[in-house]
Every structure is written in C-alpha cells, then in structure tokens.
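Below: the structure, in structure tokens.
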Amino acid sequence: MGTFLYILLAILIFGVLIAIHELGHFVAARLCGVRVLEFSMGMGPKLWGTVSKSGTEISLRALPIGGYCAMEGEEGGSDDPAAFSNAAVWKRLIILVAGAAMNFLLGLVLVALCYTQISSFSPPTVTRFMEGCPYEGAYGIQEGDTFYKVNGERTYLASDVGLYMARSRDGRMDLELIRDGKKMVLEDYPMAQREYLDETTGEKVMRYGFYFEDLETGLWAKVKYTWYCALDFVRMVRLGLTDLLTGAAGIDQMTGVVGIVDMIAQVGNQAPSVADALLNIFYLAAFIAVNLAVMNLLPLPALDGGRIFFLLVTWVVEKVFRRRIDPKYEGFVNTAGLVLLMGLMVYVMYNDVARIIGG
C-alpha cells in the first residue's frame with residue numbers, strides 16, 4: 001500500500017470514529033424514547049435516504065468524514081413530548097454519554113483485535129538484572145518484585161515503569177513494590193538510566209538495568225491486558241492535559257487531524273509488511289478512539305461533556321429555585337465554545353502543515 005492509500009485509510013478511520021460516536025447517541029435516544037429526526041452516515045450531499053417506521057430519516061451522504069444524529073428539541077424547547085428537551089434528566093444524561101461510551105468500546109475492540117496477534121505479555125515484574133545494576137539489593141529492588149506504582153501512577157504494563165520513571169524531573173522516585181505478596185515502599189529513591197551492554201545486539205544502551213520478560217499467556221491474559229491498555233490510553237490523555245495546563249508542554253506540540261493522518265501514513269510506510277502496517281494503524285486508531293471518548297467528556301462548551309455539565313447545573317437550579325433556564329442560553333454558550341474550538345483546530349492544523357512541510 002502506498003502513502004495515498006494510507007491517507008485514505010486514515011480519513012476513513014476518522015469517519016468511522018465519528019459515525020460510531022453518533023450511532024451511540026442514536027441508539028440511546030431510541031431506547032430512551034426520544035424522537036430522532038435524522039441519523040446520517042457521512043456528511044455533505046445526500047446519496048441515499050429512507051424513513052424508518054419511527055419516523056427517523058436514515059441517510060447516507062457523500063463525504064465519509066463522520067455523521068450526525070439530529071434529535072427533536074435538541075437545540076431548544078419543543079412541544080413534542082418525545083423531544084430531547086422534554087426527556088427525564090437521567091435519559092438525557094445517558095444519551096449524551098452514549099457517544100463517548102461507543103468510542104471507548106470501539107477502542108477496546110480494536111486493542112483486542114490487535115492483541116489476538118500477540119502470544120504473551122510482560123507484567124511489570126522484574127525477572128533479572130543487567131550486569132552491574134546498582135539498584136539490585138535487599139534495600140532496593142529484587143528479582144520477582146512487581147512494580148505497583150511509580151511516583152503515584154499505577155503500573156499495569158511493563159512499559160509503564162520506564163515511562164513514569166522518565167517523567168520524574170529530579171531523578172528521585174517514590175516506588176510501591178509487591179514483594180512476596182506484601183506491599184513495600186521505597187520513598188525518594190534515586191534512579192537514573194545508565195549505560196549497559198545489550199545482550200541481544202551487543203551495543204551500549206541507556207537503561208535502568210532490569211528486565212521484564214514475557215510471562216503471561218492465554219485468553220485471560222489477552223482480556224486483562226486489553227483492559228489495561230485502554231486504561232493506559234485514558235491516563236495518557238490525562239497526563240497530556242496536565243502537561244498543557246502546567247506548561248510542561250505547549251499548544252504548539254499538539255497534533256490535530258492533519259498531523260494524525262500524516263502519522264498514520266508514516267506508520268503504514270515504515271512497517272515491514274502490509275499486515276504489520278494495518279496492525280500498527282489499528283492500534284493507533286484504538287488510541288485515537290479512547291482519546292476522543294475522554295476529550296469529548298471534558299466539561300467544555302460545544303462538547304458532550306459541556307452539555308452534560310450544563311444539564312446538571314440546570315437540574316440543580318430547577319430543584320433549588322423552581323425555575324427553568326431558557327435553553328437558548330446553553331445555545332449561546334455552545335456557539336461561543338464551538339467558535340473557540342474551531343479556532344484552536346485551525347491553529348493546530350496550521351502547525352501540523354508547517355511541521356509536515358518543514359520536516
């Protein structure tokens with residue numbers, strides 16, 4: 001497959017992710033008795049359409065870049081008892097959450113499919129040490145120790161250990177280990193990568209000095225590590241947002257749709273075979289799906305999380321003051337949020353294009 005085909009595949013992946021999100025809203029709305037005016041697969045000019053028994057127009061549109069679920073009373077008040085605005089709060093909450101839930105579920109399914117090709121997994125349990133490792137000992141780390149937390153972050157996978165050690169700014173670690181079934185703590189423990197001789201390649205490499213080897217196999221291991229991987233994806237989003245808020249990372253380092261499409265194309269071209277390329281792309285798509293699920297639930301205007309936040313605030317106001325907030329105010333807030341979000345997307349897209357051209 002060439003670069004052009006990988007780019008088309010990337011665009012299709014984004015379309016599927018958005019369509020799956022809207023499908024979640026659609027299914028939840030129908031189960032909750034809310035009238036759906038139109039459910040569209042794709043955007044742009046309509047290629048095909050039909051009307052279901054419930055009165056919902058099901059349409060297929062020309063551009064495979066997403067879709068939408070238009071509900072009665074979604075943008076304001078309505079006299080229809082089946083309108084979104086007239087549904088019980090808990091029903092509206094389920095409908096709003098359903099889109100992100102479908103993205104997360106899709107991410108799980110994609111990881112599970114990728115993991116069917118993996119025969120064994122590495123838990124964060126030390127199996128042996130590199131020669132001369134200074135951290136081995138009775139008052140340090142021992143063979144058989146399982147890393148439970150590194151600097152407060154739970155370690156599910158062997159790769160988590162090095163990742164969260166590397167995030168330490170002063171080279172001192174707070175470690176929680178499981179040794180012989182008991183938890184032990186090493187506080188303010190100094191650790192740094194050192195130069196070791198790689199046993200496989202014979203080259204000098206920078207490592208912490210201990211090995212995690214493939215140990216867990218079987219169906220249960222695949223199920224467990226699929227879930228762990230999804231949790232890791234969620235945490236990576238949280239850490240990325242934390243870095244943005246604390247200044248550890250800048251907006252210039254953010255990657256948007258253009259950057260991700262280019263990344264998918266590079267992943268495909270660098271793989272040794274088409275099968276490996278597809279496997280790597282599906283794994284990246286799983287991360288994007290979980291990322292979309294988490295980001296969409298942030299309490300920001302124009303996102304489902306913002307709508308959920310406004311819904312809960314409205315519910316509290318109605319209960320306390322016995323007054324209903326006019327839906328138009330939510331519309332104003334969401335419109336302003338959408339404008340800001342579009343501005344950010346344009347800025348990130350510009351940086352993506354500049355990086356691609358400059359790189």
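Every chain in the structure tokens has a letter given in the order shown (A, B, ...), and although residue numbers restart at 1 in each chain, ligands are simply numbered from 1 in the order shown.
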
Tell me, as a PDB file with C-alpha atoms, in the first residue's frame, which residues lie within 9 Å of Glu57 in chain A, counting only C-alpha atoms; anything in the same chain fewer than 3 positions away does not count.
ATOM      1  CA  VAL A  36     -34.618  11.238  16.220  1.00  0.00           C
ATOM      2  CA  LEU A  37     -35.254  13.380  13.148  1.00  0.00           C
ATOM      3  CA  GLU A  38     -32.285  12.152  11.121  1.00  0.00           C
ATOM      4  CA  PHE A  39     -29.378   9.782  11.531  1.00  0.00           C
ATOM      5  CA  SER A  40     -26.758  10.370   8.856  1.00  0.00           C
ATOM      6  CA  GLY A  49     -32.150   8.073   2.311  1.00  0.00           C
ATOM      7  CA  THR A  50     -35.140   6.274   3.757  1.00  0.00           C
ATOM      8  CA  VAL A  51     -37.584   6.855   6.587  1.00  0.00           C
ATOM      9  CA  SER A  52     -37.914   4.255   9.338  1.00  0.00           C
ATOM     10  CA  SER A  54     -40.381   5.547  13.894  1.00  0.00           C
TER      11      SER A  54
END

Skip range 75-79 of chain A itself and residues of its chain fewer than 2 positions away, then list as an MDAnalysis selection string all residues within 8 Å of it, counting only C-alpha atoms.
chainID A and resid 72:73 81 83 85:86 327:328 331

Restrict the selected residues to C-alpha atoms and save them as a JSON list (two decimals), in the first residue's frame.
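Written out: part_39.json:
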[["chain", "number", "residue", "atom", "x", "y", "z"],
["A", 72, "GLU", "CA", -36.21, 16.76, 18.22],
["A", 73, "GLY", "CA", -35.80, 19.59, 20.73],
["A", 81, "PRO", "CA", -43.37, 15.01, 24.48],
["A", 83, "ALA", "CA", -38.34, 15.73, 22.36],
["A", 85, "SER", "CA", -35.50, 18.68, 25.90],
["A", 86, "ASN", "CA", -38.59, 17.07, 27.49],
["A", 327, "PRO", "CA", -32.32, 26.56, 26.57],
["A", 328, "LYS", "CA", -31.21, 29.47, 24.39],
["A", 331, "GLY", "CA", -27.07, 27.54, 22.79]]

Shell around range 171-181 of chain A at 6 Å using only C-alpha atoms, local window under 6 positions removed, as a ChimeraX atom specification:
/A:145-151,187-192

Store the residues of this selection in a file with C-alpha atoms, as a short mmCIF file (atom, residue, chain, number, x, y, z; two decimals), in the first residue's frame.
data_model
loop_
_atom_site.label_atom_id
_atom_site.label_comp_id
_atom_site.auth_asym_id
_atom_site.auth_seq_id
_atom_site.Cartn_x
_atom_site.Cartn_y
_atom_site.Cartn_z
CA ASP A 145 9.39 -7.64 42.64
CA THR A 146 6.32 -6.28 40.88
CA PHE A 147 6.12 -2.55 40.35
CA TYR A 148 2.72 -1.45 41.66
CA LYS A 149 3.14 2.32 41.45
CA VAL A 150 5.81 4.70 40.18
CA ASN A 151 5.52 8.25 41.52
CA GLU A 187 10.45 6.75 49.06
CA ASP A 188 12.60 9.35 47.37
CA TYR A 189 14.67 6.57 45.80
CA PRO A 190 17.38 7.93 43.42
CA MET A 191 17.31 6.28 40.00
CA ALA A 192 18.72 7.17 36.62
#

Pairwise distance for CA of Met43 in chain A and CA of Ile18 in chain A, rounded to one decimal in Å
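Computing it gives 10.7 Å between the two atoms.
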
Could you please determine the separation between CA of Gly42 in chain A and CA of Ala62 in chain A in Å, to one decimal place?
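Interatomic distance here is 6.4 Å.
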
Polymer residues at most 12 Å from Trp315 in chain A, only C-alpha atoms, same-chain spacing of 6 or more positions, as a CSV table (one decimal) with C-alpha atoms, in the first residue's frame:
chain,number,residue,atom,x,y,z
A,88,ALA,CA,-36.1,13.0,32.0
A,89,VAL,CA,-32.6,14.2,33.1
A,90,TRP,CA,-31.3,10.7,33.5
A,92,ARG,CA,-30.7,12.9,28.5
A,93,LEU,CA,-27.6,12.1,30.5
A,308,ILE,CA,-23.6,17.3,30.5
A,309,PHE,CA,-22.3,20.0,32.8
A,321,PHE,CA,-35.0,27.8,42.6
A,322,ARG,CA,-38.0,26.1,40.9
A,323,ARG,CA,-37.2,27.9,37.7
A,324,ARG,CA,-36.2,26.5,34.3
A,325,ILE,CA,-33.2,28.0,32.5

Need to verify the contact set: range 1-15 of chain A, 6 Å, only C-alpha atoms, exclusion of same-chain residues closer than 4 positions in sequence. Can you return it as a PyMOL selection string?
chain A and resi 64-66+261+265

Output N, CA and C atoms for every residue in the selection just made, as a PDB file, in the first residue's frame.
ATOM      1  N   PRO A  64     -17.247  10.658   3.560  1.00  0.00           N
ATOM      2  CA  PRO A  64     -17.104   9.706   4.673  1.00  0.00           C
ATOM      3  C   PRO A  64     -16.293  10.278   5.832  1.00  0.00           C
ATOM      4  N   ILE A  65     -16.748  11.409   6.368  1.00  0.00           N
ATOM      5  CA  ILE A  65     -15.980  12.084   7.428  1.00  0.00           C
ATOM      6  C   ILE A  65     -16.834  12.255   8.677  1.00  0.00           C
ATOM      7  N   GLY A  66     -17.667  11.269   8.948  1.00  0.00           N
ATOM      8  CA  GLY A  66     -18.430  11.343  10.190  1.00  0.00           C
ATOM      9  C   GLY A  66     -19.899  11.097   9.992  1.00  0.00           C
ATOM     10  N   VAL A 261      -3.293  12.086  10.514  1.00  0.00           N
ATOM     11  CA  VAL A 261      -3.346  11.434   9.204  1.00  0.00           C
ATOM     12  C   VAL A 261      -1.931  11.190   8.685  1.00  0.00           C
ATOM     13  N   ALA A 265      -0.020   7.542   7.994  1.00  0.00           N
ATOM     14  CA  ALA A 265       0.662   7.230   6.743  1.00  0.00           C
ATOM     15  C   ALA A 265       2.109   6.805   7.000  1.00  0.00           C
TER      16      ALA A 265
END
